[in-house]
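Working notes, structure below.
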Amino acid sequence: MPTGSDNPLVRSAGPAIVEVSDLVFRYRGQTRDALALNHLRVGAGERLFVHGPSGGGKSTLMSLLAGVLIAQQARVLLLGTDWRSLGSSARDRRRGDHVGYLFQQFNLLTWLPVLDNVCLPCRFSARRAARAASRSGSVERDAHSWLAAFDLAPDLWEQPAGALSVGEQQRVAAARALIGAPELLLADEPTSALDTDRRDEFMARLLAACQEAGSALVFVSHDRSLEPRFDCSLALGTHTDPGRARSSFVSRSAEAHSPAGTSS
Ligand SMILES: Nc1ncnc2c1ncn2[C@@H]1O[C@H](COP(=O)(O)OP(=O)(O)OP(=O)(O)O)[C@@H](O)[C@H]1O
Ligand SMILES: [Mg+2]
């Protein structure tokens, strides 16, 4: 199966942020695998689109990349470190330092003002706080700049997050995920509650913000019309034959240079 690592065009994309090999994951007590994936590599600043049917393992993959779930038999590396080699508090610290997470349900603290929600990752990670302060002069000023990047009106910044509309909360969640410029941003169906116009605007802002932060993006969506905006894509759970790998990888640069660059 051609993968990111087999393709020299993808390999040249910069240092690996995420690398996965021979991943099979089954939840405890289940009779079938939630996810099987031969190989995946996401380079610095690269944008990967992940799609597939409901139950195909997309959210499971996100949890494995973030070190929330651990596959004991597989190598899942973040910035060259295997999640299996860390204890649970070291995992929490590493995740806080290097991973921004944008959930479908946002997971904002609804009673907390917007600005405090955005600054939260910097309270848990000195590294992200230092990066935010060096970018904008202070963590708070960096939070302002990310909220402005997502076009959230300043009169909402002191409001409790729960008082905002769904679309506004999603922009707060995006600012929170990007503050302190984590090397990896994981976004799990963040556009599913938006109409087409809002979705397009949000996508444009999110991709620009990732570029500004230098963050690699792994983005899950059912909406295949978004796929051309990404460098490469991964289909999960698309094969029903249990004897076959349940994933396929397509790189945009591979497609452009070799029509045979698609696999299954
Ligand atoms: N905590 C859990 N315990 C046991 N099985 C689980 C758990 N979470 C997910 N699964 C199972 O793992 C498989 C993959 O689930 P996952 O949530 O990763 O799919 P998904 O592709 O994100 O689906 P969706 O598009 O509906 O969000 C499913 O069969 C699901 O039932
Ligand atoms: Mg899911």
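Ordered as shown in the structure tokens, chains take letters A, B, and onward, while each chain numbers its residues from 1 and ligands are numbered from 1 in the order shown.
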Q. When the cut-off is 9 Å and you count only C-alpha atoms and all ligand atoms, which residues lie near ligand 1, shown as a ChimeraX atom specification?
A. /A:25-30,32-35,51-63,188-189,220-222,236-237
Q | DSSP strand (DSSP E) residues within segment 22-159 of chain A, listed as a ChimeraX atom specification | A | /A:22-25,35-43,47-51,75-78,81-82,99-102
Q: Please return as number ranges by chain: the residues of segment 72-196 of chain A that backbone DSSP assigns to alpha helix (DSSP H).
A: A: 88-98, 114-124, 126-136, 139-149, 166-178, 196
(Q) At a cut-off of 7 Å, using only C-alpha atoms, what residues contact Asn38 of chain A? Leave out same-chain residues fewer than 5 positions from it and give the result as a VMD selection string. (A) chain A and resid 21 to 23
Emit the selected residues as an mmCIF file, in the first residue's frame, including C-alpha atoms.
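In the end it all went to result.cif:
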data_model
loop_
_atom_site.group_PDB
_atom_site.id
_atom_site.type_symbol
_atom_site.label_atom_id
_atom_site.label_comp_id
_atom_site.auth_asym_id
_atom_site.auth_seq_id
_atom_site.Cartn_x
_atom_site.Cartn_y
_atom_site.Cartn_z
ATOM 1 C CA SER A 21 3.034 1.959 12.044
ATOM 2 C CA ASP A 22 1.114 -1.304 12.071
ATOM 3 C CA LEU A 23 -1.705 0.053 14.129
#
Q. Counting only C-alpha atoms, what is within 12 Å of Phe150 of chain A, bar same-chain residues fewer than 2 positions away, as a ChimeraX atom specification?
A. /A:143-148,152-154,167-178,198,201-210
Save out the residues we just selected, C-alpha atoms, as a PDB file, in the first residue's frame.
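Contents of part-v6.pdb, as written:
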ATOM      1  CA  ALA A 143      -5.635  35.193  23.022  1.00  0.00           C
ATOM      2  CA  HIS A 144      -6.965  38.508  21.641  1.00  0.00           C
ATOM      3  CA  SER A 145      -5.111  37.964  18.402  1.00  0.00           C
ATOM      4  CA  TRP A 146      -6.475  34.417  17.900  1.00  0.00           C
ATOM      5  CA  LEU A 147     -10.017  35.549  18.714  1.00  0.00           C
ATOM      6  CA  ALA A 148      -9.602  38.349  16.170  1.00  0.00           C
ATOM      7  CA  LEU A 152     -15.065  36.990  17.215  1.00  0.00           C
ATOM      8  CA  ALA A 153     -16.368  40.439  18.181  1.00  0.00           C
ATOM      9  CA  PRO A 154     -14.429  41.944  21.155  1.00  0.00           C
ATOM     10  CA  GLY A 167     -20.851  29.155  15.604  1.00  0.00           C
ATOM     11  CA  GLU A 168     -19.299  31.672  18.020  1.00  0.00           C
ATOM     12  CA  GLN A 169     -18.390  28.938  20.519  1.00  0.00           C
ATOM     13  CA  GLN A 170     -16.731  26.987  17.780  1.00  0.00           C
ATOM     14  CA  ARG A 171     -14.507  29.971  16.944  1.00  0.00           C
ATOM     15  CA  VAL A 172     -13.581  30.295  20.629  1.00  0.00           C
ATOM     16  CA  ALA A 173     -12.694  26.595  20.669  1.00  0.00           C
ATOM     17  CA  ALA A 174     -10.493  27.065  17.594  1.00  0.00           C
ATOM     18  CA  ALA A 175      -8.661  30.006  19.223  1.00  0.00           C
ATOM     19  CA  ARG A 176      -8.146  27.898  22.352  1.00  0.00           C
ATOM     20  CA  ALA A 177      -6.779  24.995  20.298  1.00  0.00           C
ATOM     21  CA  LEU A 178      -4.236  27.222  18.527  1.00  0.00           C
ATOM     22  CA  ARG A 198     -20.208  29.559   7.661  1.00  0.00           C
ATOM     23  CA  GLU A 201     -15.484  30.947   6.176  1.00  0.00           C
ATOM     24  CA  PHE A 202     -14.485  28.867   9.180  1.00  0.00           C
ATOM     25  CA  MET A 203     -12.346  26.554   7.043  1.00  0.00           C
ATOM     26  CA  ALA A 204     -10.524  29.474   5.442  1.00  0.00           C
ATOM     27  CA  ARG A 205      -9.784  30.966   8.864  1.00  0.00           C
ATOM     28  CA  LEU A 206      -8.760  27.629  10.368  1.00  0.00           C
ATOM     29  CA  LEU A 207      -6.340  26.777   7.550  1.00  0.00           C
ATOM     30  CA  ALA A 208      -4.817  30.277   7.667  1.00  0.00           C
ATOM     31  CA  ALA A 209      -4.480  30.055  11.459  1.00  0.00           C
ATOM     32  CA  CYS A 210      -2.733  26.669  11.242  1.00  0.00           C
TER      33      CYS A 210
END
**Q.** Shell of 10 Å around Arg47 of chain A, only C-alpha atoms, local chain residues under 6 positions omitted, as a ChimeraX atom specification
**A.** /A:184-185,207,210-211,215-219,229-233
